[in-house]
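This is protein_22.txt. It holds compact mmCIF, C-alpha atoms.
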```txt
# COMPACT_ATOMS: atom_id res chain seq x y z
CA MET M 1 98.59 73.44 154.35
CA PRO M 2 101.63 72.75 156.58
CA ASP M 3 103.58 75.77 157.81
CA PRO M 4 106.96 75.68 155.98
CA THR M 5 108.59 77.57 158.86
CA ALA M 6 107.46 75.08 161.54
CA PRO M 7 110.11 72.64 162.81
CA ASP M 8 110.15 69.40 160.88
CA PRO M 9 110.00 66.53 163.40
CA THR M 10 111.36 64.13 160.77
CA THR M 11 114.57 66.13 160.25
CA ALA M 12 117.48 64.46 162.01
CA PRO M 13 120.05 66.78 163.59
CA ALA M 14 123.11 67.15 161.39
CA ALA M 15 126.68 67.10 162.68
CA SER M 16 127.66 70.24 160.76
CA LEU M 17 126.51 72.95 158.40
CA ARG M 18 128.90 74.35 155.80
CA VAL M 19 128.30 78.02 155.03
CA THR M 20 129.94 80.50 152.67
CA LEU M 21 129.59 84.27 153.00
CA VAL M 22 129.82 86.21 149.74
CA GLN M 23 130.79 89.80 150.58
CA ARG M 24 130.07 91.38 147.23
CA ALA M 25 128.68 94.78 146.23
CA ALA M 26 125.31 94.86 144.53
CA SER M 27 125.13 96.82 141.29
CA LEU M 28 122.56 99.47 140.44
CA GLU M 29 121.84 97.36 137.35
CA PRO M 30 119.60 94.40 138.26
CA ALA M 31 120.77 92.44 135.21
CA ASP M 32 124.35 92.49 136.53
CA ASN M 33 123.28 91.11 139.90
CA LEU M 34 121.15 88.43 138.29
CA ALA M 35 124.11 87.33 136.18
CA ALA M 36 126.33 87.27 139.27
CA LEU M 37 124.17 84.54 140.79
CA ASP M 38 125.48 82.07 138.21
CA GLU M 39 128.98 82.46 139.65
CA LEU M 40 127.74 80.81 142.84
CA VAL M 41 127.55 77.44 141.10
CA ALA M 42 131.30 77.02 141.57
CA LEU M 43 130.88 77.38 145.36
CA ALA M 44 127.97 74.97 145.68
CA PRO M 45 129.73 71.57 145.88
CA ASP M 46 131.43 72.44 149.18
CA ASN M 47 128.50 74.17 150.87
CA ASP M 48 125.12 73.63 152.46
CA LEU M 49 124.30 77.36 152.47
CA ILE M 50 125.62 80.30 150.45
CA VAL M 51 124.71 83.76 151.79
CA LEU M 52 124.70 87.01 149.82
CA PRO M 53 124.06 90.47 151.29
CA GLU M 54 120.88 92.46 151.77
CA ALA M 55 119.49 94.19 148.64
CA PHE M 56 121.64 92.08 146.35
CA ALA M 57 119.09 92.09 143.53
CA ARG M 58 119.64 95.84 143.27
CA ASP M 59 121.52 98.18 145.59
CA PHE M 60 119.68 100.92 147.51
CA GLY M 61 121.21 103.63 145.31
CA ASP M 62 120.42 107.28 145.99
CA PRO M 63 119.01 107.59 149.54
CA ALA M 64 116.13 109.65 148.13
CA GLY M 65 115.52 107.45 145.10
CA ASP M 66 112.35 105.47 144.45
CA LEU M 67 112.89 101.72 144.83
CA ALA M 68 109.49 100.65 143.50
CA PRO M 69 110.70 100.35 139.87
CA TYR M 70 113.26 97.78 140.98
CA ALA M 71 110.92 95.61 143.03
CA GLU M 72 109.88 92.14 141.87
CA THR M 73 107.49 89.50 143.07
CA LEU M 74 108.72 86.20 144.48
CA GLN M 75 107.88 84.76 141.07
CA GLY M 76 110.14 87.29 139.34
CA ALA M 77 113.51 86.79 137.70
CA PHE M 78 115.71 87.12 140.79
CA ALA M 79 113.89 84.76 143.17
CA SER M 80 113.21 82.32 140.34
CA ARG M 81 116.90 82.16 139.44
CA LEU M 82 117.82 81.52 143.08
CA ALA M 83 115.29 78.68 143.13
CA GLU M 84 116.65 77.21 139.88
CA LEU M 85 120.23 77.28 141.18
CA ALA M 86 119.24 75.66 144.48
CA GLN M 87 117.52 72.83 142.62
CA GLN M 88 120.37 72.51 140.16
CA THR M 89 123.14 72.39 142.75
CA GLY M 90 121.42 70.92 145.81
CA THR M 91 122.76 73.87 147.82
CA SER M 92 120.64 76.50 149.59
CA LEU M 93 121.06 80.18 148.67
CA LEU M 94 120.03 83.30 150.61
CA ALA M 95 119.97 86.85 149.21
CA GLY M 96 118.10 90.13 149.57
CA MET M 97 115.73 91.84 147.13
CA PHE M 98 112.98 94.46 147.00
CA GLU M 99 109.60 92.75 146.82
CA ARG M 100 106.29 94.10 145.55
CA ASP M 101 102.99 92.49 146.43
CA GLY M 102 100.50 94.35 144.25
CA GLY M 103 98.88 96.14 147.21
CA PRO M 104 97.77 99.80 147.30
CA ASP M 105 101.01 100.91 149.00
CA ASP M 106 103.61 100.97 146.24
CA ARG M 107 106.54 100.90 148.66
CA PRO M 108 108.24 97.50 148.34
CA PHE M 109 109.32 95.23 151.16
CA ASN M 110 112.99 94.63 151.93
CA THR M 111 112.88 90.86 151.57
CA LEU M 112 115.26 87.95 152.05
CA VAL M 113 114.76 84.99 149.74
CA LEU M 114 115.97 81.61 150.98
CA ALA M 115 116.00 79.12 148.14
CA THR M 116 116.51 75.48 149.05
CA PRO M 117 116.24 72.39 146.82
CA GLU M 118 112.73 72.00 148.29
CA GLY M 119 111.46 75.51 147.55
CA ILE M 120 111.48 79.16 148.64
CA THR M 121 110.98 80.82 152.04
CA SER M 122 110.93 84.61 152.38
CA TYR M 123 111.38 87.05 155.24
CA ARG M 124 110.31 90.70 155.08
CA LYS M 125 112.57 92.96 157.14
CA ILE M 126 110.79 93.99 160.34
CA HIS M 127 112.98 96.86 161.58
CA LEU M 128 113.56 99.53 158.94
CA TYR M 129 116.68 101.68 159.12
CA ASP M 130 115.26 104.98 160.32
CA SER M 131 118.48 105.92 162.08
CA PHE M 132 121.80 107.74 161.61
CA GLY M 133 120.05 110.26 159.36
CA TYR M 134 118.47 107.68 157.04
CA ARG M 135 114.75 107.00 156.50
CA GLU M 136 114.36 103.52 155.02
CA SER M 137 110.63 103.68 155.79
CA ASP M 138 110.20 106.52 153.28
CA ARG M 139 110.98 104.05 150.49
CA LEU M 140 110.17 100.63 151.93
CA ARG M 141 107.49 98.96 154.02
CA ALA M 142 108.19 97.00 157.17
CA GLY M 143 107.18 93.38 157.30
CA GLU M 144 104.79 92.08 159.92
CA PRO M 145 106.60 91.40 163.22
CA THR M 146 106.53 87.66 162.67
CA PRO M 147 109.89 85.87 162.99
CA VAL M 148 110.88 83.35 160.32
CA ALA M 149 112.87 80.23 161.18
CA VAL M 150 113.34 77.23 158.89
CA ASP M 151 114.99 73.81 158.95
CA LEU M 152 118.05 73.73 156.73
CA GLY M 153 120.61 70.99 156.49
CA GLY M 154 119.50 69.52 159.82
CA PHE M 155 119.88 72.86 161.66
CA ARG M 156 117.16 75.34 162.63
CA VAL M 157 118.00 78.69 160.99
CA GLY M 158 116.50 82.09 161.88
CA LEU M 159 116.45 84.97 159.41
CA MET M 160 117.22 88.62 160.19
CA THR M 161 118.20 91.61 158.02
CA CYS M 162 120.79 94.29 158.79
CA TYR M 163 119.20 96.77 161.26
CA ASP M 164 117.33 93.84 162.87
CA LEU M 165 120.67 93.01 164.49
CA ARG M 166 120.19 95.94 166.89
CA PHE M 167 117.00 94.39 168.32
CA PRO M 168 117.83 91.53 170.69
CA GLU M 169 114.18 90.63 171.17
CA LEU M 170 113.90 89.43 167.55
CA ALA M 171 116.93 87.18 167.91
CA ARG M 172 115.52 85.76 171.14
CA ARG M 173 112.13 85.11 169.55
CA LEU M 174 113.87 83.19 166.78
CA VAL M 175 115.79 81.13 169.32
CA ASP M 176 112.53 80.44 171.13
CA LEU M 177 111.34 79.00 167.82
CA GLY M 178 114.31 76.65 167.94
CA ALA M 179 116.87 78.62 165.95
CA GLU M 180 120.43 77.36 166.40
CA VAL M 181 121.86 79.63 163.69
CA LEU M 182 120.94 83.27 163.06
CA VAL M 183 121.74 84.50 159.54
CA VAL M 184 121.90 88.26 158.94
CA PRO M 185 122.41 89.55 155.37
CA ALA M 186 123.13 93.28 155.51
CA ALA M 187 124.12 96.47 153.76
CA TRP M 188 125.54 98.02 156.94
CA VAL M 189 126.28 101.62 155.98
CA ALA M 190 129.85 102.72 156.67
CA GLY M 191 130.63 105.48 159.15
CA GLU M 192 132.36 106.30 162.39
CA GLY M 193 132.05 103.39 164.80
CA LYS M 194 129.84 101.38 162.47
CA ALA M 195 132.22 98.41 162.01
CA ARG M 196 132.64 98.31 165.80
CA ASP M 197 128.86 98.25 166.26
CA TRP M 198 128.42 95.53 163.63
CA LEU M 199 130.98 93.17 165.13
CA THR M 200 129.97 93.86 168.73
CA LEU M 201 126.28 93.26 168.07
CA ALA M 202 127.00 90.10 166.08
CA ALA M 203 129.01 88.70 168.99
CA ALA M 204 126.38 89.79 171.52
CA ARG M 205 123.52 88.10 169.67
CA ALA M 206 125.55 84.88 169.46
CA ILE M 207 126.69 84.91 173.10
CA GLU M 208 123.37 85.83 174.72
CA ASN M 209 121.53 83.16 172.70
CA THR M 210 124.29 80.52 172.70
CA CYS M 211 123.83 80.14 168.95
CA TYR M 212 125.80 80.63 165.76
CA LEU M 213 125.58 84.07 164.13
CA VAL M 214 126.32 84.38 160.40
CA ALA M 215 126.42 88.06 159.33
CA VAL M 216 127.09 88.96 155.69
CA GLY M 217 127.56 92.55 154.52
CA GLN M 218 128.26 94.49 151.36
CA PRO M 219 131.83 95.82 151.14
CA ALA M 220 133.39 99.27 151.39
CA PRO M 221 133.43 102.06 150.52
CA ARG M 222 129.70 102.57 150.90
CA TYR M 223 129.20 99.75 153.38
CA THR M 224 131.17 98.27 156.25
CA GLY M 225 132.08 94.79 155.05
CA HIS M 226 133.54 92.60 157.83
CA SER M 227 131.25 89.66 157.21
CA VAL M 228 131.64 87.40 160.20
CA VAL M 229 130.69 84.06 161.73
CA VAL M 230 130.54 83.97 165.52
CA GLY M 231 130.19 80.73 167.46
CA PRO M 232 127.81 80.07 170.36
CA ASP M 233 130.68 80.61 172.78
CA GLY M 234 131.48 84.04 171.29
CA GLU M 235 134.50 82.87 169.31
CA THR M 236 134.98 84.44 165.88
CA LEU M 237 135.29 81.60 163.39
CA VAL M 238 136.00 83.78 160.37
CA GLU M 239 135.95 87.50 159.57
CA ALA M 240 136.35 89.24 156.21
CA GLY M 241 138.02 92.59 155.69
CA ASP M 242 136.18 95.58 154.23
CA GLY M 243 136.67 94.76 150.55
CA PRO M 244 135.07 92.17 148.27
CA GLU M 245 135.76 88.73 149.73
CA VAL M 246 134.39 85.21 150.03
CA VAL M 247 134.87 83.42 153.36
CA GLY M 248 133.45 80.23 154.82
CA ALA M 249 133.01 78.33 158.05
CA VAL M 250 131.72 75.00 159.29
CA LEU M 251 129.11 75.19 162.04
CA GLU M 252 129.47 72.21 164.38
CA ARG M 253 126.58 70.77 166.36
CA ALA M 254 129.01 69.46 168.97
CA VAL M 255 130.24 73.02 169.62
CA LEU M 256 126.66 74.25 169.92
CA ALA M 257 125.75 71.48 172.36
CA ARG M 258 128.87 72.07 174.45
CA ALA M 259 128.23 75.82 174.67
CA ARG M 260 124.62 75.32 175.74
CA ASP M 261 125.64 72.70 178.28
CA ARG M 262 128.35 74.89 179.84
CA ASN M 263 126.18 78.01 179.81
CA PRO M 264 122.49 77.01 180.05
CA SER M 265 121.34 80.64 180.11
CA LEU M 266 118.36 79.91 177.88
CA ALA M 267 117.11 77.34 180.37
CA ASN M 268 117.89 79.62 183.34
CA ARG M 269 115.62 82.46 182.21
CA ARG M 270 112.90 83.58 184.62
CA LEU M 271 110.04 85.11 182.65
```
Let me see whether you can do it: turn the structure in this file into structure tokens.
Amino acid sequence: MPDPTAPDPTTAPAASLRVTLVQRAASLEPADNLAALDELVALAPDNDLIVLPEAFARDFGDPAGDLAPYAETLQGAFASRLAELAQQTGTSLLAGMFERDGGPDDRPFNTLVLATPEGITSYRKIHLYDSFGYRESDRLRAGEPTPVAVDLGGFRVGLMTCYDLRFPELARRLVDLGAEVLVVPAAWVAGEGKARDWLTLAAARAIENTCYLVAVGQPAPRYTGHSVVVGPDGETLVEAGDGPEVVGAVLERAVLARARDRNPSLANRRL
């Protein structure tokens, strides 16, 4: 069976990729979040990719709470609805959920689901948020350290989740797999200096890899907001505030090519 994450040699490079970032809070009621997906239909005609935050199928809730009751398989209601909407609209959708796999460890995975008109790709968060007094690993399992990059709209797109942003080696591995765009759904917990960290790291990952960085967060007060798109030259294309907001950007291949021509740092590496 072909690897769905391998580059497709028949995919012609596209001139642009239209993305929309939906900075919206996830509810503690999964039914509410499932219903919210239908609102994305109105955004679809003007987009190639619509990105929702991490854990959108159901928010993390109480830091000590059990997430297993809210986990679904990739054949469950949330992922299936994303797939239906992608097929219906012809637009790709990316959102986070808690995934169970039926194994002996009942801790779910923190999973991104990318639904395209052709099918579903998933990414299980590699780096769990055991930091700043939190212990994500008490409630969730880490995915295998295998990066996931896919062809989407004629661009190569790498997937990361929230805390992954603090690990430059994952971003670089994705770029080594051909990623031109890194997409980072998040629920970046609010706190002193956290918005600064979020924006600084987003810019750093874009600049050091001469790629686009699309980072989508849940809004305040619990989370940081400030969803952002950074270009391969470090320029901020769009940035949301800390409240609920929908923002968009067009990623241009010509800008990517110009940045990599002016600053061929990827080619200049000595390993």
So that I can see what lies close to range 189-202 of chain M, please list as a PDB file with C-alpha atoms, in the frame of the given file the residues with an atom at most 8 Å from it, counting all atoms listed in the file and leaving out residues fewer than 3 positions away in the same chain.
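Printed below is result_10.pdb as written:
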```
ATOM      1  CA  LEU M 165     120.670  93.010 164.490  1.00  0.00           C
ATOM      2  CA  ARG M 166     120.190  95.940 166.890  1.00  0.00           C
ATOM      3  CA  ARG M 205     123.520  88.100 169.670  1.00  0.00           C
ATOM      4  CA  ALA M 206     125.550  84.880 169.460  1.00  0.00           C
ATOM      5  CA  LEU M 213     125.580  84.070 164.130  1.00  0.00           C
ATOM      6  CA  ALA M 215     126.420  88.060 159.330  1.00  0.00           C
ATOM      7  CA  ALA M 220     133.390  99.270 151.390  1.00  0.00           C
ATOM      8  CA  PRO M 221     133.430 102.060 150.520  1.00  0.00           C
ATOM      9  CA  ARG M 222     129.700 102.570 150.900  1.00  0.00           C
ATOM     10  CA  TYR M 223     129.200  99.750 153.380  1.00  0.00           C
ATOM     11  CA  THR M 224     131.170  98.270 156.250  1.00  0.00           C
ATOM     12  CA  GLY M 225     132.080  94.790 155.050  1.00  0.00           C
ATOM     13  CA  HIS M 226     133.540  92.600 157.830  1.00  0.00           C
ATOM     14  CA  VAL M 228     131.640  87.400 160.200  1.00  0.00           C
ATOM     15  CA  VAL M 230     130.540  83.970 165.520  1.00  0.00           C
TER      16      VAL M 230
END
```
### Message
Every residue with an atom at most 12 Å from (116.5, 82.9, 165.3) (file coordinates; only C-alpha atoms) is what I'm after, so could you write them as a ChimeraX atom specification?
### Response
/M:5,146-151,155-161,164-165,167-184,205-206,209-214
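Note that CA of Val113 in chain M and CA of Pro45 in chain M are 20.5 Å apart.
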Within 7 Å of (134.7, 94.2, 145.8) (file coordinates; only C-alpha atoms), which protein or nucleic acid residues are there? I'd like them as a PDB file with C-alpha atoms, in the coordinates of the input.
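Written out: point-v4.pdb:
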```pdb
ATOM      1  CA  ARG M  24     130.070  91.380 147.230  1.00  0.00           C
ATOM      2  CA  ALA M  25     128.680  94.780 146.230  1.00  0.00           C
ATOM      3  CA  PRO M 219     131.830  95.820 151.140  1.00  0.00           C
ATOM      4  CA  GLY M 243     136.670  94.760 150.550  1.00  0.00           C
ATOM      5  CA  PRO M 244     135.070  92.170 148.270  1.00  0.00           C
ATOM      6  CA  GLU M 245     135.760  88.730 149.730  1.00  0.00           C
TER       7      GLU M 245
END
```
